[in-house]
$ cat coords-v2.cif   # mmCIF, C-alpha atoms
data_my_file
loop_
_atom_site.label_atom_id
_atom_site.label_comp_id
_atom_site.auth_asym_id
_atom_site.auth_seq_id
_atom_site.Cartn_x
_atom_site.Cartn_y
_atom_site.Cartn_z
CA MET A 1 52.46 54.53 88.76
CA TYR A 2 55.17 57.15 89.26
CA ARG A 3 53.74 58.16 92.63
CA ALA A 4 53.61 54.56 93.77
CA LEU A 5 57.19 54.00 92.65
CA ARG A 6 58.33 57.20 94.35
CA GLY A 7 56.48 56.27 97.55
CA LEU A 8 58.01 52.81 97.48
CA THR A 9 61.48 54.33 97.00
CA LEU A 10 60.97 56.72 99.91
CA TRP A 11 59.71 53.87 102.07
CA ALA A 12 62.75 51.75 101.14
CA CYS A 13 65.11 54.60 101.96
CA ALA A 14 63.39 55.17 105.30
CA ALA A 15 63.59 51.46 106.09
CA ALA A 16 67.27 51.41 105.16
CA LEU A 17 67.90 54.43 107.35
CA CYS A 18 66.08 52.85 110.30
CA GLY A 19 68.01 49.65 109.70
CA GLN A 20 71.26 51.63 109.84
CA THR A 21 70.37 53.38 113.11
CA GLN A 22 69.04 50.35 115.00
CA PRO A 23 72.48 48.79 115.72
CA ALA A 24 73.64 52.16 117.05
CA GLN A 25 71.39 51.55 120.05
CA GLN A 26 73.81 48.84 121.10
CA GLN A 27 76.75 50.23 123.01
CA PRO A 28 79.80 50.63 120.76
CA ALA A 29 83.24 49.82 122.05
CA GLY A 30 84.38 52.59 124.35
CA LEU A 31 80.97 53.92 125.38
CA GLU A 32 79.95 52.79 128.82
CA PRO A 33 76.41 51.46 129.24
CA ASP A 34 73.85 53.86 130.68
CA TRP A 35 73.58 51.92 133.93
CA ASP A 36 77.35 52.09 134.56
CA ILE A 37 77.65 55.81 133.95
CA GLY A 38 74.42 56.29 135.91
CA VAL A 39 76.14 54.84 138.98
CA ILE A 40 79.08 57.22 138.47
CA LEU A 41 76.68 60.17 138.20
CA GLN A 42 74.91 59.11 141.42
CA GLU A 43 78.29 58.95 143.18
CA MET A 44 79.14 62.41 141.85
CA SER A 45 75.82 63.72 143.14
CA ALA A 46 76.53 62.25 146.57
CA HIS A 47 80.00 63.79 146.48
CA ALA A 48 78.55 67.25 145.83
CA GLY A 49 76.20 66.70 148.75
CA ARG A 50 79.18 65.95 151.02
CA LEU A 51 80.84 69.22 149.97
CA LEU A 52 78.04 71.39 151.33
CA PRO A 53 78.60 70.74 155.08
CA VAL A 54 82.32 71.50 154.67
CA LEU A 55 81.53 74.72 152.81
CA ASP A 56 79.17 75.66 155.65
CA ARG A 57 82.12 75.43 158.08
CA ILE A 58 83.95 78.21 156.24
CA ASP A 59 83.58 81.57 158.02
CA VAL A 60 84.36 84.21 155.41
CA GLN A 61 83.24 87.05 157.68
CA ALA A 62 86.07 86.24 160.08
CA TRP A 63 88.43 86.20 157.09
CA LEU A 64 87.36 89.72 156.11
CA GLN A 65 88.25 90.96 159.61
CA LYS A 66 91.72 89.47 159.10
CA GLY A 67 92.18 91.38 155.84
CA ALA A 68 90.97 88.85 153.28
CA SER A 69 89.47 89.97 149.99
CA ALA A 70 85.70 90.34 149.79
CA THR A 71 85.71 88.14 146.69
CA TYR A 72 86.02 85.13 148.99
CA ALA A 73 82.44 85.74 150.17
CA ALA A 74 81.19 85.69 146.59
CA GLN A 75 83.24 82.58 145.83
CA LEU A 76 81.87 80.79 148.88
CA GLN A 77 78.26 81.58 147.98
CA SER A 78 78.85 80.62 144.35
CA SER A 79 80.50 77.36 145.43
CA LYS A 80 77.49 76.48 147.59
CA ASP A 81 75.11 77.27 144.73
CA GLN A 82 77.22 75.30 142.24
CA ALA A 83 77.51 72.31 144.58
CA LYS A 84 73.72 72.19 145.01
CA ALA A 85 73.17 72.51 141.26
CA PHE A 86 75.90 69.92 140.64
CA ALA A 87 74.19 67.43 142.97
CA ASP A 88 70.79 67.96 141.35
CA SER A 89 72.11 67.90 137.77
CA ALA A 90 74.13 64.73 138.30
CA ARG A 91 71.16 63.00 139.93
CA ASP A 92 68.84 64.02 137.06
CA LEU A 93 71.37 63.10 134.39
CA ALA A 94 71.83 59.63 135.94
CA ARG A 95 68.31 58.81 134.70
CA ASN A 96 69.22 59.64 131.08
CA PRO A 97 72.99 59.99 130.70
CA GLU A 98 72.94 60.14 126.89
CA LYS A 99 71.82 63.79 126.95
CA LEU A 100 74.97 65.32 125.52
CA SER A 101 74.10 68.96 126.23
CA ALA A 102 73.22 68.22 129.87
CA SER A 103 76.42 66.17 130.23
CA LEU A 104 78.54 69.03 128.92
CA GLU A 105 76.78 71.50 131.20
CA LEU A 106 77.51 69.29 134.21
CA LEU A 107 81.16 68.91 133.22
CA PHE A 108 81.56 72.69 132.92
CA ARG A 109 79.86 73.12 136.30
CA ILE A 110 82.30 70.63 137.86
CA GLN A 111 85.30 72.42 136.40
CA GLY A 112 84.07 75.82 137.59
CA LEU A 113 83.38 74.48 141.07
CA GLU A 114 86.84 72.90 141.28
CA THR A 115 88.45 76.23 140.38
CA MET A 116 86.55 78.06 143.13
CA LEU A 117 87.25 75.31 145.66
CA GLY A 118 90.98 75.68 145.02
CA SER A 119 90.75 79.38 145.87
CA LEU A 120 88.67 78.68 148.98
CA GLU A 121 91.17 76.04 150.13
CA GLU A 122 93.95 78.63 150.00
CA GLY A 123 91.84 81.15 151.91
CA THR A 124 90.84 78.59 154.52
CA GLN A 125 94.46 77.57 154.94
CA LYS A 126 95.56 81.19 155.40
CA TYR A 127 92.66 82.78 157.30
CA GLN A 128 90.84 80.02 159.15
CA ASP A 129 91.89 76.44 159.88
CA PRO A 130 94.31 74.20 157.98
CA ALA A 131 92.28 71.15 159.02
CA VAL A 132 89.16 72.50 157.24
CA ALA A 133 91.30 73.31 154.20
CA GLN A 134 92.65 69.74 154.22
CA THR A 135 89.13 68.32 154.46
CA LEU A 136 88.04 70.46 151.51
CA ALA A 137 91.09 69.36 149.50
CA SER A 138 90.51 65.68 150.19
CA LEU A 139 86.83 65.98 149.24
CA GLU A 140 87.78 67.72 146.02
CA ALA A 141 90.32 64.99 145.16
CA GLU A 142 87.79 62.29 145.98
CA ASN A 143 85.78 63.14 142.86
CA GLY A 144 88.77 63.08 140.47
CA ALA A 145 88.41 59.51 139.20
CA ASN A 146 84.67 59.86 138.65
CA ARG A 147 85.14 63.22 136.90
CA ASP A 148 87.76 61.74 134.58
CA ARG A 149 85.58 58.74 133.78
CA PHE A 150 82.59 61.02 133.11
CA GLN A 151 84.71 63.24 130.87
CA LYS A 152 85.84 60.20 128.84
CA TYR A 153 82.21 59.10 128.57
CA ILE A 154 81.22 62.51 127.16
CA VAL A 155 83.99 62.37 124.53
CA ASN A 156 82.91 58.85 123.50
CA LEU A 157 79.24 59.89 123.45
CA ALA A 158 80.02 62.84 121.18
CA ALA A 159 82.03 60.58 118.85
CA GLU A 160 79.12 58.12 118.69
CA ARG A 161 76.68 60.93 117.85
CA GLU A 162 78.98 62.18 115.09
CA GLN A 163 79.15 58.69 113.64
CA GLN A 164 75.35 58.35 113.72
CA PHE A 165 74.91 61.68 111.94
CA GLN A 166 77.40 60.64 109.26
CA VAL A 167 75.47 57.41 108.63
CA MET A 168 72.17 59.30 108.46
CA ASP A 169 73.66 61.86 106.08
CA ARG A 170 75.05 59.15 103.77
CA GLU A 171 71.69 57.40 103.69
CA ALA A 172 69.85 60.66 103.00
CA GLN A 173 72.25 61.42 100.15
CA ARG A 174 71.78 57.92 98.76
CA CYS A 175 67.99 58.29 98.89
CA ARG A 176 68.17 61.68 97.17
CA GLY A 177 70.32 60.11 94.47
CA ILE A 178 67.76 57.37 93.90
CA LEU A 179 64.91 59.86 93.72
CA SER A 180 66.77 62.18 91.38
CA THR A 181 67.34 59.37 88.87
CA GLN A 182 63.62 58.56 88.71
CA PRO A 183 61.99 59.80 85.51
CA ALA A 184 59.82 62.86 85.93
CA ALA A 185 56.10 62.23 85.73
CA SER A 186 54.54 63.32 82.49
CA PRO A 187 51.53 65.59 82.84
CA ASN A 188 49.19 62.93 81.45
CA SER A 189 50.56 59.96 83.38
CA GLY A 190 48.25 60.42 86.36
CA ARG A 191 45.02 60.85 84.34
CA LYS A 192 42.68 58.11 83.23
CA LYS A 193 41.90 57.85 79.56
#

$ encode --input "coords-v2.cif" --output "structure tokens"
Amino acid sequence: MYRALRGLTLWACAAALCGQTQPAQQQPAGLEPDWDIGVILQEMSAHAGRLLPVLDRIDVQAWLQKGASATYAAQLQSSKDQAKAFADSARDLARNPEKLSASLELLFRIQGLETMLGSLEEGTQKYQDPAVAQTLASLEAENGANRDRFQKYIVNLAAEREQQFQVMDREAQRCRGILSTQPAASPNSGRKK
């Protein structure tokens, strides 16, 4: 009898917990639907793809002959690598944008790439061609609205996850409380007489 009651209590707690988490699948206020943020991520991927041809126009070797620092070569190669990874990551994340760790990784990649692009813009302006520097600057600015929208999405996604974990924790504590108030089974209660 005790085991049946305990099993029924566990089942009820599990059902209550599932009932609490089901509405969370609906989009709360502030969190964009997957399909909307997916479009933004696809646009960001395309943006990263448009950066690569401009980066290929930068001739760091000519800069070095004009006295530029050798770190520009490393920054250029890193920018190309980051832009390719950015394009691939954004495209992959568009399929499942609720992956918080992948979203954060992409945001950090974007921020790192933007920092390096700023340095390359200055070098291009000084050592190569102001028109190429202007093209790079305009491409970088082009992604600003999408980046800001994606960043807001990540903050809202993290807040939603925190709220879900709080609900699950409260339900788990409630279930533990119910189970702890159940009388302990006596050693003879499970045996037939």

$ atom_distance --input "coords-v2.cif" --atom1 "CA of Leu52 (chain A)" --atom2 "CA of Lys84 (chain A)"
7.7 Å

$ axis_aligned_box --input "coords-v2.cif" --around "region 45-64 of chain A" --padding-each-side "8 Å" --output "AutoDock Vina command-line options"
--center_x 82.1 --center_y 76.0 --center_z 151.6 --size_x 28.6 --size_y 43.5 --size_z 32.9

$ atom_distance --input "coords-v2.cif" --atom1 "CA of Arg161 (chain A)" --atom2 "CA of Ser101 (chain A)"
11.9 Å

$ resolve_selection --input "coords-v2.cif" --expression "the PyMOL selection byres ((chain A and resi 142-155) around 9)" --output "number ranges by chain"
A: 30-32, 37, 40-41, 43-44, 47-48, 98, 100, 103-104, 107, 110, 137-141, 156-160

$ atom_distance --input "coords-v2.cif" --atom1 "CA of Ser89 (chain A)" --atom2 "CA of Ala102 (chain A)"
8.0 Å

$ closest_residue --input "coords-v2.cif" --among "A:Gln173, A:Lys80, A:Leu136, A:Arg95" --to "Thr124 (chain A)" --atoms "only C-alpha atoms"
A:Leu136

$ closest_residue --input "coords-v2.cif" --among "A:Thr181, A:Gln164, A:Gln128, A:Gln134" --to "Leu64 (chain A)" --atoms "all atoms listed in the file"
A:Gln128

$ residues_around --input "coords-v2.cif" --residues "Ala87 (chain A)" --least-positions-apart "2" --cutoff "7 Å" --atoms "all atoms listed in the file" --output "count of residues only"
10

$ closest_residue --input "coords-v2.cif" --among "A:Leu120, A:Ala172, A:Val54, A:Leu106" --to "Ser69 (chain A)" --atoms "all atoms listed in the file"
A:Leu120

$ resolve_selection --input "coords-v2.cif" --expression "the PyMOL selection byres ((chain A and resi 77) around 12)" --output "PyMOL selection string"
chain A and resi 52+55-56+58-60+70-76+78-84+113+116-117+120

$ closest_residue --input "coords-v2.cif" --among "A:Gln163, A:Ile178, A:Asp34, A:Pro183" --to "Asn96 (chain A)" --atoms "only C-alpha atoms"
A:Asp34

$ decode --input "coords-v2.cif" --residues "region 133-153 of chain A" --atoms "N, CA and C atoms" --output "short mmCIF file (atom, residue, chain, number, x, y, z; two decimals), in the first residue's frame"
data_model
loop_
_atom_site.label_atom_id
_atom_site.label_comp_id
_atom_site.auth_asym_id
_atom_site.auth_seq_id
_atom_site.Cartn_x
_atom_site.Cartn_y
_atom_site.Cartn_z
N ALA A 133 38.73 50.80 -46.87
CA ALA A 133 38.44 51.00 -45.45
C ALA A 133 36.98 51.42 -45.26
N GLN A 134 36.48 52.30 -46.12
CA GLN A 134 35.09 52.74 -46.03
C GLN A 134 34.13 51.59 -46.31
N THR A 135 34.46 50.75 -47.27
CA THR A 135 33.62 49.58 -47.56
C THR A 135 33.57 48.65 -46.36
N LEU A 136 34.71 48.42 -45.75
CA LEU A 136 34.78 47.56 -44.57
C LEU A 136 33.97 48.17 -43.42
N ALA A 137 34.07 49.47 -43.23
CA ALA A 137 33.31 50.14 -42.16
C ALA A 137 31.81 50.06 -42.40
N SER A 138 31.39 50.25 -43.64
CA SER A 138 29.95 50.19 -43.92
C SER A 138 29.41 48.78 -43.76
N LEU A 139 30.21 47.78 -44.15
CA LEU A 139 29.79 46.39 -43.94
C LEU A 139 29.68 46.06 -42.45
N GLU A 140 30.62 46.56 -41.68
CA GLU A 140 30.59 46.31 -40.25
C GLU A 140 29.34 46.95 -39.63
N ALA A 141 29.03 48.17 -40.02
CA ALA A 141 27.86 48.88 -39.48
C ALA A 141 26.55 48.23 -39.92
N GLU A 142 26.57 47.60 -41.07
CA GLU A 142 25.38 46.97 -41.62
C GLU A 142 24.80 45.90 -40.68
N ASN A 143 25.65 45.26 -39.92
CA ASN A 143 25.21 44.18 -39.04
C ASN A 143 24.76 44.67 -37.67
N GLY A 144 24.90 45.95 -37.38
CA GLY A 144 24.63 46.47 -36.04
C GLY A 144 23.22 46.20 -35.53
N ALA A 145 22.22 46.45 -36.34
CA ALA A 145 20.83 46.26 -35.89
C ALA A 145 20.55 44.78 -35.61
N ASN A 146 21.03 43.92 -36.50
CA ASN A 146 20.83 42.48 -36.29
C ASN A 146 21.57 41.99 -35.04
N ARG A 147 22.78 42.49 -34.84
CA ARG A 147 23.57 42.10 -33.67
C ARG A 147 22.85 42.52 -32.40
N ASP A 148 22.33 43.75 -32.38
CA ASP A 148 21.63 44.24 -31.20
C ASP A 148 20.36 43.44 -30.93
N ARG A 149 19.64 43.10 -31.97
CA ARG A 149 18.41 42.31 -31.82
C ARG A 149 18.75 40.90 -31.32
N PHE A 150 19.82 40.32 -31.84
CA PHE A 150 20.27 38.99 -31.40
C PHE A 150 20.71 39.04 -29.94
N GLN A 151 21.41 40.08 -29.57
CA GLN A 151 21.86 40.21 -28.18
C GLN A 151 20.66 40.31 -27.23
N LYS A 152 19.65 41.07 -27.60
CA LYS A 152 18.44 41.18 -26.79
C LYS A 152 17.75 39.82 -26.69
N TYR A 153 17.72 39.09 -27.79
CA TYR A 153 17.12 37.75 -27.79
C TYR A 153 17.84 36.84 -26.80
#
